[in-house]
Amino acid sequence: MNSGSFLWQVSLILQVINRGRDGMMAYRQTERVKEKRAQKRAQIIKAAREIFAQKSYQEVSIKALAKKAKIATGTFYLYFSNKEALINMIVDEMFQELLACIKEERACFTDSLDKLQASMKACIKLFVKEKEMAKILLVQVPGVNNAFNAKLIEIENEMIRFTRNDLDELKAQGRLPEEDTLVSAMAFVGSFRQVIINWLREGKPEDLDKAFATLMEYNMRGLGQVK
């Protein structure tokens with residue numbers, strides 16, 4: 001092999017190495033950009049959750065949201081097309097958070113009544129912990145538009161589905177009398193929802209945790225639980 005051929009091969013190898021380095025640097029830069037965008041998006045959502053819990057959807061402007069998130073108004077539009085897209089994202093996140101909490105609580109039990117109690121307890125625990133989130137989900141969202149109402153109905157229907165399944169199991173075990181479990185599940189979930197909404201709006205009952213036991217006893221007595 002002559003020296004010219006050798007140098008050409010070395011040059012080719014160095015080019016390949018450099019391209020690999022350039023590609024790796026570009027990949028790292030892309031990952032950093034994605035990470036920064038995700039952080040900024042989370043920052044906007046966090047600020048929005050706080051401000052929507054204090055003011056109505058109609059009262060909050062994009063400018064106010066941007067100020068709360070400590071970003072320029074124009075920057076907001078790099079992440080969300082409008083205010084509706086933002087709150088839709090918030091509602092979706094809260095929905096997933098609530099479902100995850102319910103499933104985690106239910107997984108600790110095998111008895112149908114225990115699972116039923118766990119579902120409702122999970123909602124109350126999460127709403128007490130995340131009162132601002134509860135305000136958005138149950139007080140703010142219903143008055144915005146039909147799309148958000150549909151999302152709230154979807155959440156309620158999921159809760160009703162869990163409840164009905166538990167009631168069906170209890171009925172099959174002879175622990176509940178023959179009845180329409182769909183209607184019973186709707187009434188069961190509705191009673192919890194109404195008490196939670198009143199707590200958010202009026203501050204009554206003062207202790208939502210203590211109200212849980214009363215609600216469970218009231219509903220199970222109404223369902224005719226066989227002890």
# chains A, B, ... in the order shown; residues from 1 in each chain; ligands from 1
>>> residues_around(residues="region 187-197 of chain A", least_positions_apart="3", cutoff="9 Å", atoms="only C-alpha atoms", output="JSON, numbers by chain")
{"A": [120, 124, 127, 134, 135, 138, 139, 156, 159, 160, 163, 182, 183, 184, 200, 201, 202, 204, 205, 208, 211, 212, 215, 216, 219, 220]}
>>> write_last_selection(atoms="C-alpha atoms", output="compact mmCIF listing (two decimals), in the first residue's frame")
# COMPACT_ATOMS: atom_id res chain seq x y z
CA MET A 120 -64.72 6.85 46.55
CA ILE A 124 -61.87 12.34 48.25
CA PHE A 127 -59.48 16.25 45.94
CA ALA A 134 -60.98 19.72 42.15
CA LYS A 135 -62.20 23.28 41.62
CA LEU A 138 -65.97 20.19 39.12
CA VAL A 139 -66.61 23.94 39.31
CA GLU A 156 -68.34 10.50 35.71
CA MET A 159 -66.70 6.28 38.00
CA ILE A 160 -70.20 4.90 37.42
CA THR A 163 -69.29 1.43 40.91
CA LEU A 182 -76.88 1.17 36.76
CA VAL A 183 -79.40 3.48 38.43
CA SER A 184 -77.91 2.66 41.83
CA LEU A 200 -65.63 23.39 47.09
CA ARG A 201 -68.19 26.18 46.75
CA GLU A 202 -69.42 26.69 50.32
CA LYS A 204 -69.45 22.61 53.85
CA PRO A 205 -68.97 19.98 55.13
CA LEU A 208 -64.57 15.99 53.76
CA ALA A 211 -68.12 13.06 55.49
CA PHE A 212 -66.89 9.97 53.64
CA LEU A 215 -71.85 9.05 52.63
CA MET A 216 -70.88 5.38 52.50
CA ASN A 219 -75.60 4.91 50.21
CA MET A 220 -75.23 1.33 51.44
>>> residues_around(residues="region 90-103 of chain A", least_positions_apart="2", cutoff="6 Å", atoms="only C-alpha atoms", output="number ranges by chain")
A: 87-88, 105-106, 119, 122
>>> residues_around(residues="Asp166 (chain A)", least_positions_apart="3", cutoff="8 Å", atoms="only C-alpha atoms", output="ChimeraX atom specification")
/A:112-113,115-116,162-163,169-170
>>> write_last_selection(atoms="N, CA and C atoms", output="compact mmCIF listing (two decimals), in the first residue's frame")
# COMPACT_ATOMS: atom_id res chain seq x y z
N SER A 112 -65.48 -6.88 47.06
CA SER A 112 -66.20 -5.90 46.24
C SER A 112 -66.56 -4.64 47.00
N LEU A 113 -67.00 -4.78 48.25
CA LEU A 113 -67.36 -3.60 49.05
C LEU A 113 -66.13 -2.77 49.36
N LYS A 115 -63.47 -2.56 47.52
CA LYS A 115 -63.07 -1.88 46.27
C LYS A 115 -63.97 -0.67 46.01
N LEU A 116 -65.27 -0.82 46.30
CA LEU A 116 -66.22 0.28 46.12
C LEU A 116 -65.83 1.45 47.03
N PHE A 162 -67.06 1.75 37.33
CA PHE A 162 -66.41 1.08 38.46
C PHE A 162 -67.44 0.68 39.51
N THR A 163 -68.30 1.64 39.85
CA THR A 163 -69.29 1.43 40.91
C THR A 163 -70.28 0.34 40.53
N GLU A 169 -71.19 -7.33 41.56
CA GLU A 169 -70.53 -8.40 42.30
C GLU A 169 -71.18 -8.61 43.66
N LEU A 170 -71.51 -7.51 44.33
CA LEU A 170 -72.16 -7.61 45.63
C LEU A 170 -73.54 -8.26 45.50
>>> closest_residue(among="A:Met186, A:Ala147, A:Ala107, A:Leu152", to="Arg164 (chain A)", atoms="only C-alpha atoms")
A:Met186
>>> select_by_dssp(residues="region 46-186 of chain A", states="helix (DSSP H, G or I)", output="PDB file with C-alpha atoms, in the first residue's frame")
ATOM      1  CA  LYS A  46     -48.772  24.482  36.605  1.00  0.00           C
ATOM      2  CA  ALA A  47     -49.397  28.226  36.438  1.00  0.00           C
ATOM      3  CA  ALA A  48     -52.706  27.678  34.658  1.00  0.00           C
ATOM      4  CA  ARG A  49     -53.932  25.173  37.234  1.00  0.00           C
ATOM      5  CA  GLU A  50     -53.262  27.719  39.958  1.00  0.00           C
ATOM      6  CA  ILE A  51     -54.911  30.651  38.228  1.00  0.00           C
ATOM      7  CA  PHE A  52     -57.977  28.751  36.965  1.00  0.00           C
ATOM      8  CA  ALA A  53     -58.633  27.573  40.517  1.00  0.00           C
ATOM      9  CA  GLN A  54     -58.949  31.220  41.596  1.00  0.00           C
ATOM     10  CA  ILE A  62     -53.655  34.645  27.744  1.00  0.00           C
ATOM     11  CA  LYS A  63     -51.657  37.615  29.002  1.00  0.00           C
ATOM     12  CA  ALA A  64     -52.503  36.754  32.624  1.00  0.00           C
ATOM     13  CA  LEU A  65     -51.567  33.118  32.047  1.00  0.00           C
ATOM     14  CA  ALA A  66     -48.255  34.116  30.514  1.00  0.00           C
ATOM     15  CA  LYS A  67     -47.503  36.478  33.389  1.00  0.00           C
ATOM     16  CA  LYS A  68     -48.274  33.772  35.949  1.00  0.00           C
ATOM     17  CA  ALA A  69     -46.005  31.340  34.090  1.00  0.00           C
ATOM     18  CA  THR A  73     -47.319  36.255  25.804  1.00  0.00           C
ATOM     19  CA  GLY A  74     -45.979  35.206  22.407  1.00  0.00           C
ATOM     20  CA  THR A  75     -44.176  32.257  23.978  1.00  0.00           C
ATOM     21  CA  PHE A  76     -47.507  30.864  25.142  1.00  0.00           C
ATOM     22  CA  LYS A  83     -56.750  28.976  26.070  1.00  0.00           C
ATOM     23  CA  GLU A  84     -59.194  26.189  25.269  1.00  0.00           C
ATOM     24  CA  ALA A  85     -56.372  23.868  24.176  1.00  0.00           C
ATOM     25  CA  LEU A  86     -54.579  24.554  27.450  1.00  0.00           C
ATOM     26  CA  ILE A  87     -57.490  23.788  29.743  1.00  0.00           C
ATOM     27  CA  ASN A  88     -58.323  20.721  27.671  1.00  0.00           C
ATOM     28  CA  MET A  89     -54.800  19.467  28.366  1.00  0.00           C
ATOM     29  CA  ILE A  90     -55.235  20.208  32.076  1.00  0.00           C
ATOM     30  CA  VAL A  91     -58.513  18.312  32.248  1.00  0.00           C
ATOM     31  CA  ASP A  92     -56.992  15.318  30.436  1.00  0.00           C
ATOM     32  CA  GLU A  93     -54.053  15.258  32.859  1.00  0.00           C
ATOM     33  CA  MET A  94     -56.351  15.485  35.870  1.00  0.00           C
ATOM     34  CA  PHE A  95     -58.547  12.707  34.471  1.00  0.00           C
ATOM     35  CA  GLN A  96     -55.549  10.403  34.121  1.00  0.00           C
ATOM     36  CA  GLU A  97     -54.295  11.357  37.578  1.00  0.00           C
ATOM     37  CA  LEU A  98     -57.667  10.574  39.142  1.00  0.00           C
ATOM     38  CA  LEU A  99     -58.003   7.229  37.358  1.00  0.00           C
ATOM     39  CA  ALA A 100     -54.476   6.231  38.368  1.00  0.00           C
ATOM     40  CA  CYS A 101     -55.250   7.081  41.997  1.00  0.00           C
ATOM     41  CA  ILE A 102     -58.486   5.062  41.935  1.00  0.00           C
ATOM     42  CA  LYS A 103     -56.852   2.016  40.353  1.00  0.00           C
ATOM     43  CA  GLU A 104     -53.985   2.137  42.843  1.00  0.00           C
ATOM     44  CA  GLU A 105     -56.390   2.219  45.802  1.00  0.00           C
ATOM     45  CA  ARG A 106     -58.591  -0.549  44.380  1.00  0.00           C
ATOM     46  CA  SER A 112     -66.201  -5.900  46.236  1.00  0.00           C
ATOM     47  CA  LEU A 113     -67.362  -3.605  49.046  1.00  0.00           C
ATOM     48  CA  ASP A 114     -63.781  -2.722  49.926  1.00  0.00           C
ATOM     49  CA  LYS A 115     -63.073  -1.880  46.270  1.00  0.00           C
ATOM     50  CA  LEU A 116     -66.215   0.283  46.123  1.00  0.00           C
ATOM     51  CA  GLN A 117     -65.135   2.184  49.225  1.00  0.00           C
ATOM     52  CA  ALA A 118     -61.605   2.481  47.858  1.00  0.00           C
ATOM     53  CA  SER A 119     -62.844   4.149  44.657  1.00  0.00           C
ATOM     54  CA  MET A 120     -64.724   6.846  46.547  1.00  0.00           C
ATOM     55  CA  LYS A 121     -62.008   7.259  49.148  1.00  0.00           C
ATOM     56  CA  ALA A 122     -59.445   7.745  46.373  1.00  0.00           C
ATOM     57  CA  CYS A 123     -61.486  10.617  44.906  1.00  0.00           C
ATOM     58  CA  ILE A 124     -61.871  12.343  48.248  1.00  0.00           C
ATOM     59  CA  LYS A 125     -58.205  11.879  49.178  1.00  0.00           C
ATOM     60  CA  LEU A 126     -57.062  13.321  45.862  1.00  0.00           C
ATOM     61  CA  PHE A 127     -59.485  16.252  45.944  1.00  0.00           C
ATOM     62  CA  VAL A 128     -58.516  17.142  49.521  1.00  0.00           C
ATOM     63  CA  LYS A 129     -54.859  16.998  48.526  1.00  0.00           C
ATOM     64  CA  LYS A 131     -58.245  21.209  46.063  1.00  0.00           C
ATOM     65  CA  GLU A 132     -57.311  23.546  43.215  1.00  0.00           C
ATOM     66  CA  MET A 133     -57.559  20.640  40.796  1.00  0.00           C
ATOM     67  CA  ALA A 134     -60.985  19.718  42.151  1.00  0.00           C
ATOM     68  CA  LYS A 135     -62.202  23.284  41.624  1.00  0.00           C
ATOM     69  CA  ILE A 136     -61.116  23.204  38.002  1.00  0.00           C
ATOM     70  CA  LEU A 137     -62.632  19.808  37.334  1.00  0.00           C
ATOM     71  CA  LEU A 138     -65.967  20.190  39.123  1.00  0.00           C
ATOM     72  CA  VAL A 139     -66.613  23.942  39.309  1.00  0.00           C
ATOM     73  CA  GLN A 140     -64.758  25.698  36.474  1.00  0.00           C
ATOM     74  CA  VAL A 141     -64.927  23.201  33.613  1.00  0.00           C
ATOM     75  CA  PRO A 142     -68.698  22.557  33.525  1.00  0.00           C
ATOM     76  CA  GLY A 143     -69.421  26.186  32.691  1.00  0.00           C
ATOM     77  CA  ASN A 146     -69.908  21.535  25.544  1.00  0.00           C
ATOM     78  CA  ALA A 147     -66.523  19.943  24.857  1.00  0.00           C
ATOM     79  CA  PHE A 148     -65.462  20.311  28.483  1.00  0.00           C
ATOM     80  CA  ASN A 149     -68.860  19.139  29.705  1.00  0.00           C
ATOM     81  CA  ALA A 150     -68.377  16.026  27.572  1.00  0.00           C
ATOM     82  CA  LYS A 151     -65.017  15.405  29.252  1.00  0.00           C
ATOM     83  CA  LEU A 152     -66.584  15.723  32.701  1.00  0.00           C
ATOM     84  CA  ILE A 153     -69.342  13.311  31.683  1.00  0.00           C
ATOM     85  CA  GLU A 154     -66.660  10.879  30.511  1.00  0.00           C
ATOM     86  CA  ILE A 155     -65.023  11.027  33.941  1.00  0.00           C
ATOM     87  CA  GLU A 156     -68.344  10.500  35.711  1.00  0.00           C
ATOM     88  CA  ASN A 157     -69.220   7.585  33.446  1.00  0.00           C
ATOM     89  CA  GLU A 158     -65.925   5.916  34.302  1.00  0.00           C
ATOM     90  CA  MET A 159     -66.702   6.279  38.002  1.00  0.00           C
ATOM     91  CA  ILE A 160     -70.205   4.899  37.418  1.00  0.00           C
ATOM     92  CA  ARG A 161     -68.716   1.939  35.535  1.00  0.00           C
ATOM     93  CA  PHE A 162     -66.409   1.077  38.460  1.00  0.00           C
ATOM     94  CA  THR A 163     -69.290   1.431  40.909  1.00  0.00           C
ATOM     95  CA  ARG A 164     -71.720  -0.638  38.869  1.00  0.00           C
ATOM     96  CA  ASN A 165     -69.217  -3.483  38.525  1.00  0.00           C
ATOM     97  CA  ASP A 166     -68.776  -3.554  42.302  1.00  0.00           C
ATOM     98  CA  LEU A 167     -72.536  -3.469  42.895  1.00  0.00           C
ATOM     99  CA  ASP A 168     -73.055  -6.288  40.402  1.00  0.00           C
ATOM    100  CA  GLU A 169     -70.525  -8.403  42.303  1.00  0.00           C
ATOM    101  CA  LEU A 170     -72.163  -7.608  45.633  1.00  0.00           C
ATOM    102  CA  LYS A 171     -75.573  -8.529  44.219  1.00  0.00           C
ATOM    103  CA  ALA A 172     -74.203 -11.804  42.796  1.00  0.00           C
ATOM    104  CA  THR A 181     -77.322  -1.480  39.457  1.00  0.00           C
ATOM    105  CA  LEU A 182     -76.879   1.172  36.765  1.00  0.00           C
ATOM    106  CA  VAL A 183     -79.401   3.481  38.433  1.00  0.00           C
ATOM    107  CA  SER A 184     -77.907   2.661  41.834  1.00  0.00           C
ATOM    108  CA  ALA A 185     -74.379   3.417  40.604  1.00  0.00           C
ATOM    109  CA  MET A 186     -75.488   6.742  39.129  1.00  0.00           C
TER     110      MET A 186
END
